[in-house]
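Okay, so here's the structure we're looking at.
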Amino acid sequence: MLVNALLITLILFITGSAVFVALLRLSRCPYLTILDVQKVLRPVQSGRMQQLLDSRVEDAVRPLFSRRKFEQSQLMALYEMREHLLRMSHNAFILLTWANTELWRETKYMPGMEDRELYIDLSRKLHNAAIEFRCYALCTLLRINFWMIFRIRFWSPLPAPRIADLRETVGVRFYASYRRLRETVAALCLAYGEEFYDEIMPQL
């Protein structure tokens with residue numbers, strides 16, 4: 001009886017997840033041009049993320065605070081990190097859609113355009129950088145949520161985690177990956193003109 005109930009619950013969960021993913025795919029915008037991108041990006045403070053990931057602050061306050069007070073300070077930092085990463089993950093997805101649009105236009109919709117090879121090369125680099133950073137962001141968000149539920153609680157026997165450990169997830173380093181994303185966005189923006197660079201880059 002219990003096995004049947006668990007099996008039904010599992011089937012419902014998988015079905016619900018599949019429906020949710022399908023609805024998300026149907027509701028997303030399949031194409032985004034450079035004019036669309038600047039309208040839907042979410043402003044982020046990458047400098048603040050670097051401050052939160054700086055181990056020096058964490059190492060300095062850990063011995064000064066009680067365990068409970070230290071965990072409370074970490075919890076607030078994780079809330080803030082999660083908000084920044086949610087925005088960054090959203091932006092990476094928008095930039096990925098833009099890169100795919102550029103590739104589609106240059107290879108299928110309007111092949112033979114001037115500077116075609118340049119735009120294809122820049123779009124592929126942006127595509128790869130956006131996938132890498134979105135993977136980092138999503139996996140790091142999972143880690144943050146796990147820590148907030150199981151690691152930073154008064155009843156948890158586990159020691160409080162080091163936030164600086166989030167600088168690398170699934171073998172991807174935040175600093176290098178985000179720098180690569182910004183560089184590829186900048187290169188594609190400049191191919192269109194400095195006015196696009198000035199509009200988009202401050203939001204990243």
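Residues are referred to by chain and number: the chain letter is A, B, ... according to the order shown in the structure tokens, the number counts from 1 in that chain, and ligands are numbered separately from 1 in the order shown.
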
All helix (DSSP H, G or I) residues (DSSP, backbone) inside region 26-88 of chain A, as an mmCIF file with all heavy atoms, in the first residue's frame:
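Here's the written file selection_18.cif:
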data_model
loop_
_atom_site.group_PDB
_atom_site.id
_atom_site.type_symbol
_atom_site.label_atom_id
_atom_site.label_comp_id
_atom_site.auth_asym_id
_atom_site.auth_seq_id
_atom_site.Cartn_x
_atom_site.Cartn_y
_atom_site.Cartn_z
ATOM 1 N N LEU A 26 6.483 27.000 -23.813
ATOM 2 C CA LEU A 26 5.467 27.627 -24.651
ATOM 3 C C LEU A 26 5.333 29.124 -24.391
ATOM 4 O O LEU A 26 4.988 29.894 -25.284
ATOM 5 C CB LEU A 26 4.111 26.939 -24.424
ATOM 6 C CG LEU A 26 3.971 25.523 -24.991
ATOM 7 C CD1 LEU A 26 2.670 24.898 -24.522
ATOM 8 C CD2 LEU A 26 4.044 25.540 -26.515
ATOM 9 N N SER A 27 5.618 29.537 -23.148
ATOM 10 C CA SER A 27 5.413 30.938 -22.785
ATOM 11 C C SER A 27 6.640 31.817 -23.021
ATOM 12 O O SER A 27 6.547 33.036 -22.902
ATOM 13 C CB SER A 27 5.003 31.047 -21.309
ATOM 14 O OG SER A 27 6.062 30.601 -20.467
ATOM 15 N N ILE A 34 18.853 42.407 -30.743
ATOM 16 C CA ILE A 34 19.615 43.289 -29.860
ATOM 17 C C ILE A 34 18.731 44.422 -29.334
ATOM 18 O O ILE A 34 18.957 44.927 -28.223
ATOM 19 C CB ILE A 34 20.862 43.849 -30.582
ATOM 20 C CG1 ILE A 34 21.809 44.510 -29.566
ATOM 21 C CG2 ILE A 34 20.467 44.803 -31.700
ATOM 22 C CD1 ILE A 34 23.158 44.855 -30.125
ATOM 23 N N LEU A 35 17.710 44.800 -30.083
ATOM 24 C CA LEU A 35 16.787 45.837 -29.620
ATOM 25 C C LEU A 35 15.881 45.324 -28.503
ATOM 26 O O LEU A 35 15.472 46.078 -27.620
ATOM 27 C CB LEU A 35 15.931 46.340 -30.784
ATOM 28 C CG LEU A 35 16.680 47.069 -31.905
ATOM 29 C CD1 LEU A 35 15.740 47.394 -33.048
ATOM 30 C CD2 LEU A 35 17.342 48.330 -31.378
ATOM 31 N N ASP A 36 15.578 44.024 -28.544
ATOM 32 C CA ASP A 36 14.717 43.429 -27.519
ATOM 33 C C ASP A 36 15.477 43.168 -26.225
ATOM 34 O O ASP A 36 14.922 43.308 -25.135
ATOM 35 C CB ASP A 36 14.131 42.101 -28.011
ATOM 36 C CG ASP A 36 13.348 42.251 -29.299
ATOM 37 O OD1 ASP A 36 12.631 43.256 -29.425
ATOM 38 O OD2 ASP A 36 13.464 41.367 -30.170
ATOM 39 N N VAL A 37 16.740 42.791 -26.353
ATOM 40 C CA VAL A 37 17.539 42.363 -25.197
ATOM 41 C C VAL A 37 17.587 43.432 -24.115
ATOM 42 O O VAL A 37 17.372 43.154 -22.931
ATOM 43 C CB VAL A 37 18.973 41.984 -25.645
ATOM 44 C CG1 VAL A 37 19.906 41.867 -24.454
ATOM 45 C CG2 VAL A 37 18.940 40.668 -26.409
ATOM 46 N N GLN A 38 17.850 44.658 -24.513
ATOM 47 C CA GLN A 38 18.004 45.729 -23.525
ATOM 48 C C GLN A 38 16.705 46.024 -22.779
ATOM 49 O O GLN A 38 16.726 46.610 -21.699
ATOM 50 C CB GLN A 38 18.544 46.991 -24.191
ATOM 51 C CG GLN A 38 17.745 47.463 -25.377
ATOM 52 C CD GLN A 38 18.484 48.505 -26.194
ATOM 53 O OE1 GLN A 38 18.769 49.581 -25.691
ATOM 54 N NE2 GLN A 38 18.827 48.196 -27.422
ATOM 55 N N LYS A 39 15.566 45.593 -23.326
ATOM 56 C CA LYS A 39 14.273 45.831 -22.680
ATOM 57 C C LYS A 39 13.986 44.820 -21.567
ATOM 58 O O LYS A 39 13.195 45.102 -20.663
ATOM 59 C CB LYS A 39 13.142 45.776 -23.703
ATOM 60 C CG LYS A 39 13.260 46.796 -24.821
ATOM 61 C CD LYS A 39 12.188 46.543 -25.869
ATOM 62 C CE LYS A 39 12.374 47.460 -27.075
ATOM 63 N NZ LYS A 39 11.396 47.145 -28.151
ATOM 64 N N VAL A 40 14.575 43.635 -21.643
ATOM 65 C CA VAL A 40 14.194 42.562 -20.721
ATOM 66 C C VAL A 40 15.323 42.104 -19.790
ATOM 67 O O VAL A 40 15.120 41.224 -18.956
ATOM 68 C CB VAL A 40 13.639 41.339 -21.496
ATOM 69 C CG1 VAL A 40 12.301 41.678 -22.107
ATOM 70 C CG2 VAL A 40 14.613 40.866 -22.570
ATOM 71 N N SER A 46 27.296 43.085 -10.157
ATOM 72 C CA SER A 46 28.297 42.019 -10.103
ATOM 73 C C SER A 46 29.383 42.339 -9.080
ATOM 74 O O SER A 46 29.970 41.428 -8.480
ATOM 75 C CB SER A 46 28.916 41.806 -11.488
ATOM 76 O OG SER A 46 29.476 43.019 -11.988
ATOM 77 N N GLY A 47 29.638 43.622 -8.858
ATOM 78 C CA GLY A 47 30.631 44.006 -7.849
ATOM 79 C C GLY A 47 30.212 43.580 -6.458
ATOM 80 O O GLY A 47 31.041 43.152 -5.651
ATOM 81 N N ARG A 48 28.917 43.680 -6.179
ATOM 82 C CA ARG A 48 28.415 43.243 -4.874
ATOM 83 C C ARG A 48 28.548 41.738 -4.717
ATOM 84 O O ARG A 48 28.843 41.241 -3.621
ATOM 85 C CB ARG A 48 26.952 43.674 -4.720
ATOM 86 C CG ARG A 48 26.298 43.245 -3.402
ATOM 87 C CD ARG A 48 27.056 43.752 -2.206
ATOM 88 N NE ARG A 48 26.463 43.276 -0.963
ATOM 89 C CZ ARG A 48 27.117 43.148 0.178
ATOM 90 N NH1 ARG A 48 28.407 43.476 0.244
ATOM 91 N NH2 ARG A 48 26.505 42.713 1.256
ATOM 92 N N MET A 49 28.350 41.003 -5.787
ATOM 93 C CA MET A 49 28.545 39.545 -5.736
ATOM 94 C C MET A 49 29.984 39.219 -5.364
ATOM 95 O O MET A 49 30.248 38.314 -4.570
ATOM 96 C CB MET A 49 28.203 38.932 -7.087
ATOM 97 C CG MET A 49 26.748 38.555 -7.250
ATOM 98 S SD MET A 49 26.266 37.124 -6.246
ATOM 99 C CE MET A 49 27.114 35.811 -7.130
ATOM 100 N N GLN A 50 30.927 39.942 -5.920
ATOM 101 C CA GLN A 50 32.332 39.703 -5.609
ATOM 102 C C GLN A 50 32.621 39.985 -4.138
ATOM 103 O O GLN A 50 33.397 39.256 -3.503
ATOM 104 C CB GLN A 50 33.215 40.557 -6.514
ATOM 105 C CG GLN A 50 33.138 40.166 -7.975
ATOM 106 C CD GLN A 50 34.025 41.015 -8.866
ATOM 107 O OE1 GLN A 50 34.958 41.644 -8.397
ATOM 108 N NE2 GLN A 50 33.727 41.036 -10.147
ATOM 109 N N GLN A 51 31.975 41.011 -3.583
ATOM 110 C CA GLN A 51 32.144 41.304 -2.153
ATOM 111 C C GLN A 51 31.593 40.173 -1.293
ATOM 112 O O GLN A 51 32.207 39.771 -0.300
ATOM 113 C CB GLN A 51 31.434 42.609 -1.805
ATOM 114 C CG GLN A 51 32.070 43.846 -2.410
ATOM 115 C CD GLN A 51 31.243 45.098 -2.125
ATOM 116 O OE1 GLN A 51 30.230 45.056 -1.444
ATOM 117 N NE2 GLN A 51 31.690 46.222 -2.669
ATOM 118 N N LEU A 52 30.438 39.651 -1.664
ATOM 119 C CA LEU A 52 29.820 38.568 -0.892
ATOM 120 C C LEU A 52 30.656 37.291 -0.939
ATOM 121 O O LEU A 52 30.666 36.503 0.014
ATOM 122 C CB LEU A 52 28.412 38.281 -1.427
ATOM 123 C CG LEU A 52 27.370 39.369 -1.162
ATOM 124 C CD1 LEU A 52 26.115 39.121 -1.996
ATOM 125 C CD2 LEU A 52 27.017 39.417 0.321
ATOM 126 N N SER A 55 36.278 35.856 0.871
ATOM 127 C CA SER A 55 36.422 35.049 2.093
ATOM 128 C C SER A 55 36.998 35.836 3.261
ATOM 129 O O SER A 55 36.849 35.433 4.420
ATOM 130 C CB SER A 55 37.314 33.836 1.811
ATOM 131 O OG SER A 55 38.612 34.264 1.400
ATOM 132 N N ARG A 56 37.632 36.989 3.011
ATOM 133 C CA ARG A 56 38.284 37.732 4.100
ATOM 134 C C ARG A 56 37.282 38.242 5.119
ATOM 135 O O ARG A 56 37.528 38.188 6.325
ATOM 136 C CB ARG A 56 39.107 38.889 3.524
ATOM 137 C CG ARG A 56 40.319 38.440 2.714
ATOM 138 C CD ARG A 56 40.999 39.608 2.045
ATOM 139 N NE ARG A 56 40.128 40.233 1.049
ATOM 140 C CZ ARG A 56 40.487 41.277 0.306
ATOM 141 N NH1 ARG A 56 41.680 41.810 0.455
ATOM 142 N NH2 ARG A 56 39.640 41.786 -0.577
ATOM 143 N N VAL A 57 36.131 38.731 4.643
ATOM 144 C CA VAL A 57 35.113 39.233 5.565
ATOM 145 C C VAL A 57 34.562 38.088 6.410
ATOM 146 O O VAL A 57 34.427 38.202 7.636
ATOM 147 C CB VAL A 57 33.974 39.924 4.783
ATOM 148 C CG1 VAL A 57 32.858 40.353 5.723
ATOM 149 C CG2 VAL A 57 34.519 41.116 4.007
ATOM 150 N N GLU A 58 34.248 36.990 5.755
ATOM 151 C CA GLU A 58 33.701 35.829 6.446
ATOM 152 C C GLU A 58 34.676 35.297 7.486
ATOM 153 O O GLU A 58 34.294 34.984 8.625
ATOM 154 C CB GLU A 58 33.368 34.752 5.415
ATOM 155 C CG GLU A 58 32.583 33.585 5.970
ATOM 156 C CD GLU A 58 32.191 32.612 4.880
ATOM 157 O OE1 GLU A 58 32.781 32.664 3.777
ATOM 158 O OE2 GLU A 58 31.308 31.782 5.135
ATOM 159 N N ASP A 59 35.940 35.194 7.131
ATOM 160 C CA ASP A 59 36.953 34.675 8.058
ATOM 161 C C ASP A 59 37.166 35.612 9.241
ATOM 162 O O ASP A 59 37.499 35.163 10.342
ATOM 163 C CB ASP A 59 38.280 34.464 7.317
ATOM 164 C CG ASP A 59 38.194 33.347 6.278
ATOM 165 O OD1 ASP A 59 37.272 32.515 6.400
ATOM 166 O OD2 ASP A 59 39.028 33.321 5.358
ATOM 167 N N ALA A 60 36.954 36.917 9.020
ATOM 168 C CA ALA A 60 37.171 37.888 10.102
ATOM 169 C C ALA A 60 36.050 37.855 11.135
ATOM 170 O O ALA A 60 36.304 37.975 12.335
ATOM 171 C CB ALA A 60 37.305 39.293 9.513
ATOM 172 N N VAL A 61 34.797 37.679 10.668
ATOM 173 C CA VAL A 61 33.674 37.756 11.621
ATOM 174 C C VAL A 61 33.344 36.411 12.272
ATOM 175 O O VAL A 61 32.751 36.376 13.352
ATOM 176 C CB VAL A 61 32.405 38.304 10.928
ATOM 177 C CG1 VAL A 61 32.655 39.688 10.379
ATOM 178 C CG2 VAL A 61 31.906 37.366 9.836
ATOM 179 N N ARG A 67 27.842 31.252 17.256
ATOM 180 C CA ARG A 67 27.436 30.449 16.101
ATOM 181 C C ARG A 67 26.102 30.927 15.559
ATOM 182 O O ARG A 67 25.927 31.063 14.344
ATOM 183 C CB ARG A 67 27.339 28.964 16.489
ATOM 184 C CG ARG A 67 26.751 28.122 15.364
ATOM 185 C CD ARG A 67 26.757 26.647 15.617
ATOM 186 N NE ARG A 67 26.010 25.968 14.557
ATOM 187 C CZ ARG A 67 26.018 24.668 14.349
ATOM 188 N NH1 ARG A 67 26.740 23.878 15.124
ATOM 189 N NH2 ARG A 67 25.303 24.135 13.373
ATOM 190 N N ARG A 68 25.137 31.203 16.442
ATOM 191 C CA ARG A 68 23.808 31.609 15.987
ATOM 192 C C ARG A 68 23.851 32.948 15.260
ATOM 193 O O ARG A 68 23.234 33.117 14.204
ATOM 194 C CB ARG A 68 22.855 31.700 17.198
ATOM 195 C CG ARG A 68 21.418 31.962 16.815
ATOM 196 C CD ARG A 68 20.876 30.829 15.952
ATOM 197 N NE ARG A 68 19.564 31.125 15.403
ATOM 198 C CZ ARG A 68 19.149 30.746 14.215
ATOM 199 N NH1 ARG A 68 19.947 30.075 13.408
ATOM 200 N NH2 ARG A 68 17.926 31.025 13.792
ATOM 201 N N LYS A 69 24.597 33.902 15.812
ATOM 202 C CA LYS A 69 24.675 35.212 15.174
ATOM 203 C C LYS A 69 25.399 35.119 13.837
ATOM 204 O O LYS A 69 25.033 35.781 12.862
ATOM 205 C CB LYS A 69 25.393 36.195 16.093
ATOM 206 C CG LYS A 69 25.344 37.638 15.595
ATOM 207 C CD LYS A 69 25.923 38.605 16.604
ATOM 208 C CE LYS A 69 25.842 40.037 16.093
ATOM 209 N NZ LYS A 69 26.440 40.997 17.047
ATOM 210 N N PHE A 70 26.426 34.281 13.789
ATOM 211 C CA PHE A 70 27.161 34.102 12.537
ATOM 212 C C PHE A 70 26.258 33.481 11.475
ATOM 213 O O PHE A 70 26.269 33.898 10.317
ATOM 214 C CB PHE A 70 28.381 33.220 12.769
ATOM 215 C CG PHE A 70 29.177 32.945 11.523
ATOM 216 C CD1 PHE A 70 29.876 33.963 10.898
ATOM 217 C CD2 PHE A 70 29.209 31.675 10.964
ATOM 218 C CE1 PHE A 70 30.605 33.725 9.736
ATOM 219 C CE2 PHE A 70 29.926 31.425 9.807
ATOM 220 C CZ PHE A 70 30.626 32.451 9.193
ATOM 221 N N GLU A 71 25.457 32.485 11.870
ATOM 222 C CA GLU A 71 24.548 31.848 10.930
ATOM 223 C C GLU A 71 23.501 32.831 10.416
ATOM 224 O O GLU A 71 23.114 32.798 9.251
ATOM 225 C CB GLU A 71 23.875 30.638 11.578
ATOM 226 C CG GLU A 71 24.825 29.469 11.766
ATOM 227 C CD GLU A 71 24.198 28.322 12.528
ATOM 228 O OE1 GLU A 71 23.120 28.532 13.141
ATOM 229 O OE2 GLU A 71 24.769 27.221 12.530
ATOM 230 N N GLN A 72 23.044 33.710 11.292
ATOM 231 C CA GLN A 72 22.067 34.722 10.871
ATOM 232 C C GLN A 72 22.672 35.682 9.843
ATOM 233 O O GLN A 72 22.015 36.073 8.870
ATOM 234 C CB GLN A 72 21.554 35.498 12.079
ATOM 235 C CG GLN A 72 20.624 34.686 12.970
ATOM 236 C CD GLN A 72 20.247 35.420 14.246
ATOM 237 O OE1 GLN A 72 20.857 36.434 14.595
ATOM 238 N NE2 GLN A 72 19.254 34.918 14.956
ATOM 239 N N SER A 73 23.920 36.062 10.063
ATOM 240 C CA SER A 73 24.581 36.957 9.102
ATOM 241 C C SER A 73 24.798 36.246 7.765
ATOM 242 O O SER A 73 24.659 36.849 6.694
ATOM 243 C CB SER A 73 25.913 37.466 9.665
ATOM 244 O OG SER A 73 26.869 36.433 9.717
ATOM 245 N N GLN A 74 25.123 34.960 7.843
ATOM 246 C CA GLN A 74 25.297 34.188 6.609
ATOM 247 C C GLN A 74 23.978 34.038 5.856
ATOM 248 O O GLN A 74 23.945 34.113 4.628
ATOM 249 C CB GLN A 74 25.860 32.805 6.925
ATOM 250 C CG GLN A 74 27.367 32.768 7.077
ATOM 251 C CD GLN A 74 27.850 31.336 7.042
ATOM 252 O OE1 GLN A 74 27.306 30.476 7.725
ATOM 253 N NE2 GLN A 74 28.868 31.075 6.260
ATOM 254 N N LEU A 75 22.903 33.818 6.615
ATOM 255 C CA LEU A 75 21.598 33.653 5.991
ATOM 256 C C LEU A 75 21.221 34.903 5.199
ATOM 257 O O LEU A 75 20.731 34.812 4.068
ATOM 258 C CB LEU A 75 20.542 33.361 7.065
ATOM 259 C CG LEU A 75 19.151 32.994 6.571
ATOM 260 C CD1 LEU A 75 19.197 31.728 5.728
ATOM 261 C CD2 LEU A 75 18.197 32.810 7.750
ATOM 262 N N MET A 76 21.477 36.067 5.765
ATOM 263 C CA MET A 76 21.168 37.315 5.059
ATOM 264 C C MET A 76 22.027 37.450 3.805
ATOM 265 O O MET A 76 21.540 37.886 2.746
ATOM 266 C CB MET A 76 21.418 38.499 5.996
ATOM 267 C CG MET A 76 20.847 39.819 5.503
ATOM 268 S SD MET A 76 19.056 39.770 5.341
ATOM 269 C CE MET A 76 18.842 39.999 3.588
ATOM 270 N N ALA A 77 23.295 37.074 3.925
ATOM 271 C CA ALA A 77 24.183 37.137 2.760
ATOM 272 C C ALA A 77 23.719 36.181 1.665
ATOM 273 O O ALA A 77 23.767 36.502 0.478
ATOM 274 C CB ALA A 77 25.612 36.809 3.177
ATOM 275 N N LEU A 78 23.237 35.001 2.069
ATOM 276 C CA LEU A 78 22.751 34.027 1.089
ATOM 277 C C LEU A 78 21.467 34.507 0.415
ATOM 278 O O LEU A 78 21.266 34.284 -0.781
ATOM 279 C CB LEU A 78 22.530 32.669 1.756
ATOM 280 C CG LEU A 78 23.801 31.903 2.116
ATOM 281 C CD1 LEU A 78 23.465 30.649 2.909
ATOM 282 C CD2 LEU A 78 24.591 31.531 0.866
ATOM 283 N N TYR A 79 20.590 35.168 1.167
ATOM 284 C CA TYR A 79 19.400 35.763 0.563
ATOM 285 C C TYR A 79 19.801 36.749 -0.529
ATOM 286 O O TYR A 79 19.235 36.771 -1.626
ATOM 287 C CB TYR A 79 18.573 36.501 1.620
ATOM 288 C CG TYR A 79 17.589 35.642 2.368
ATOM 289 C CD1 TYR A 79 17.605 35.587 3.751
ATOM 290 C CD2 TYR A 79 16.616 34.902 1.694
ATOM 291 C CE1 TYR A 79 16.700 34.805 4.458
ATOM 292 C CE2 TYR A 79 15.710 34.116 2.388
ATOM 293 C CZ TYR A 79 15.748 34.073 3.766
ATOM 294 O OH TYR A 79 14.846 33.308 4.451
ATOM 295 N N GLU A 80 20.776 37.584 -0.211
ATOM 296 C CA GLU A 80 21.221 38.592 -1.170
ATOM 297 C C GLU A 80 21.876 37.943 -2.379
ATOM 298 O O GLU A 80 21.621 38.335 -3.527
ATOM 299 C CB GLU A 80 22.197 39.556 -0.490
ATOM 300 C CG GLU A 80 22.527 40.764 -1.331
ATOM 301 C CD GLU A 80 23.461 41.738 -0.634
ATOM 302 O OE1 GLU A 80 23.721 41.578 0.583
ATOM 303 O OE2 GLU A 80 23.932 42.676 -1.315
ATOM 304 N N MET A 81 22.721 36.935 -2.126
ATOM 305 C CA MET A 81 23.375 36.231 -3.225
ATOM 306 C C MET A 81 22.357 35.571 -4.137
ATOM 307 O O MET A 81 22.487 35.596 -5.369
ATOM 308 C CB MET A 81 24.333 35.167 -2.684
ATOM 309 C CG MET A 81 25.689 35.690 -2.295
ATOM 310 S SD MET A 81 26.869 34.354 -2.136
ATOM 311 C CE MET A 81 26.946 33.756 -3.802
ATOM 312 N N ARG A 82 21.343 34.967 -3.519
ATOM 313 C CA ARG A 82 20.324 34.292 -4.319
ATOM 314 C C ARG A 82 19.605 35.276 -5.238
ATOM 315 O O ARG A 82 19.335 34.969 -6.400
ATOM 316 C CB ARG A 82 19.322 33.588 -3.397
ATOM 317 C CG ARG A 82 18.299 32.738 -4.154
ATOM 318 C CD ARG A 82 17.481 31.889 -3.215
ATOM 319 N NE ARG A 82 16.625 32.700 -2.362
ATOM 320 C CZ ARG A 82 15.777 32.191 -1.474
ATOM 321 N NH1 ARG A 82 15.696 30.875 -1.310
ATOM 322 N NH2 ARG A 82 15.023 32.983 -0.738
ATOM 323 N N GLU A 83 19.312 36.461 -4.726
ATOM 324 C CA GLU A 83 18.640 37.469 -5.549
ATOM 325 C C GLU A 83 19.507 37.883 -6.731
ATOM 326 O O GLU A 83 19.037 37.985 -7.874
ATOM 327 C CB GLU A 83 18.282 38.683 -4.696
ATOM 328 C CG GLU A 83 17.599 39.806 -5.462
ATOM 329 C CD GLU A 83 16.290 39.378 -6.111
ATOM 330 O OE1 GLU A 83 15.608 38.485 -5.565
ATOM 331 O OE2 GLU A 83 15.954 39.932 -7.186
ATOM 332 N N HIS A 84 20.791 38.130 -6.480
ATOM 333 C CA HIS A 84 21.702 38.502 -7.572
ATOM 334 C C HIS A 84 21.806 37.380 -8.604
ATOM 335 O O HIS A 84 21.786 37.630 -9.816
ATOM 336 C CB HIS A 84 23.086 38.832 -7.018
ATOM 337 C CG HIS A 84 23.146 40.131 -6.271
ATOM 338 N ND1 HIS A 84 22.816 41.343 -6.831
ATOM 339 C CD2 HIS A 84 23.512 40.406 -4.990
ATOM 340 C CE1 HIS A 84 22.959 42.310 -5.941
ATOM 341 N NE2 HIS A 84 23.382 41.765 -4.809
ATOM 342 N N LEU A 85 21.919 36.140 -8.121
ATOM 343 C CA LEU A 85 22.076 35.014 -9.045
ATOM 344 C C LEU A 85 20.813 34.746 -9.847
ATOM 345 O O LEU A 85 20.891 34.325 -11.005
ATOM 346 C CB LEU A 85 22.483 33.750 -8.277
ATOM 347 C CG LEU A 85 23.969 33.592 -8.008
ATOM 348 C CD1 LEU A 85 24.240 32.355 -7.157
ATOM 349 C CD2 LEU A 85 24.763 33.503 -9.308
ATOM 350 N N LEU A 86 19.648 34.974 -9.253
ATOM 351 C CA LEU A 86 18.403 34.822 -10.006
ATOM 352 C C LEU A 86 18.368 35.810 -11.174
ATOM 353 O O LEU A 86 17.967 35.460 -12.294
ATOM 354 C CB LEU A 86 17.195 35.047 -9.095
ATOM 355 C CG LEU A 86 16.851 33.890 -8.143
ATOM 356 C CD1 LEU A 86 15.816 34.337 -7.118
ATOM 357 C CD2 LEU A 86 16.348 32.678 -8.921
ATOM 358 N N ARG A 87 18.813 37.025 -10.918
ATOM 359 C CA ARG A 87 18.857 38.024 -11.992
ATOM 360 C C ARG A 87 19.896 37.643 -13.035
ATOM 361 O O ARG A 87 19.655 37.768 -14.246
ATOM 362 C CB ARG A 87 19.174 39.400 -11.415
ATOM 363 C CG ARG A 87 18.104 39.950 -10.486
ATOM 364 C CD ARG A 87 18.495 41.314 -9.944
ATOM 365 N NE ARG A 87 17.552 41.781 -8.939
ATOM 366 C CZ ARG A 87 17.589 42.977 -8.391
ATOM 367 N NH1 ARG A 87 18.535 43.830 -8.761
ATOM 368 N NH2 ARG A 87 16.706 43.325 -7.475
ATOM 369 N N MET A 88 21.055 37.211 -12.584
ATOM 370 C CA MET A 88 22.119 36.829 -13.512
ATOM 371 C C MET A 88 21.718 35.625 -14.359
ATOM 372 O O MET A 88 22.027 35.557 -15.554
ATOM 373 C CB MET A 88 23.398 36.527 -12.742
ATOM 374 C CG MET A 88 24.058 37.750 -12.138
ATOM 375 S SD MET A 88 25.507 37.295 -11.145
ATOM 376 C CE MET A 88 26.337 38.882 -11.041
#

Write out as a count of residues only each polymer residue whose atoms come within 10 Å of His90 (chain A), counting only C-alpha atoms; drop sequence neighbours fewer than 5 positions from it. 10

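Closest to Leu204 (chain A) among A:Leu141, A:Ile163, A:Ala129, A:Ala186 is A:Ala186, based on only C-alpha atoms.
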
Kindly indicate which residue among A:Pro43, A:Arg105, A:Phe150, A:Leu188 lies nearest to Pro202 (chain A), using only C-alpha atoms for the distances.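 The shortest atom-to-atom distance to Pro202 (chain A) comes from A:Pro43.
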
Tell me, as a list in words, which residues lie within 10 Å of Arg182 (chain A), counting only C-alpha atoms; anything in the same chain fewer than 2 positions away does not count.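 After dropping sequence-adjacent residues, the list is Leu126, Ala129, Ala130, Ser177, Tyr178, Arg179, Arg180, Thr184, Val185, Ala186, Ala187, Met201 and Leu204 of chain A.
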
Export of the given selection (C-alpha atoms) as a compact mmCIF listing (two decimals), in the first residue's frame:
# COMPACT_ATOMS: atom_id res chain seq x y z
CA LEU A 126 28.17 34.25 -26.59
CA ALA A 129 29.52 31.61 -22.46
CA ALA A 130 25.80 32.02 -21.65
CA SER A 177 32.70 32.54 -16.25
CA TYR A 178 30.97 35.88 -15.69
CA ARG A 179 33.92 37.79 -17.14
CA ARG A 180 33.73 35.57 -20.24
CA THR A 184 31.33 38.05 -25.40
CA VAL A 185 28.31 40.35 -24.92
CA ALA A 186 30.55 43.40 -25.29
CA ALA A 187 32.09 42.08 -28.51
CA MET A 201 26.73 46.60 -20.64
CA LEU A 204 25.42 43.43 -16.55

Pick the closest to Arg143 (chain A) from A:Arg167, A:Arg62, A:Arg124, A:Arg116: which is it, counting only C-alpha atoms?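 Ranked by minimum distance to Arg143 (chain A), first place goes to A:Arg167.
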
Between CA of Glu117 (chain A) and CA of Thr33 (chain A), what is the spacing in Å?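 About the pair CA of Thr33 (chain A) and CA of Glu117 (chain A): they are 17.7 Å apart.
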
Who sits within 7 Å of Thr140 (chain A), only C-alpha atoms, same chain under 4 positions skipped, as a PyMOL selection string: chain A and resi 136+144+166+169

Write out as JSON, numbers by chain all residues of region 69-182 of chain A that DSSP puts in strand (DSSP E) for this structure's backbone. {"A": [168, 169, 172, 173]}
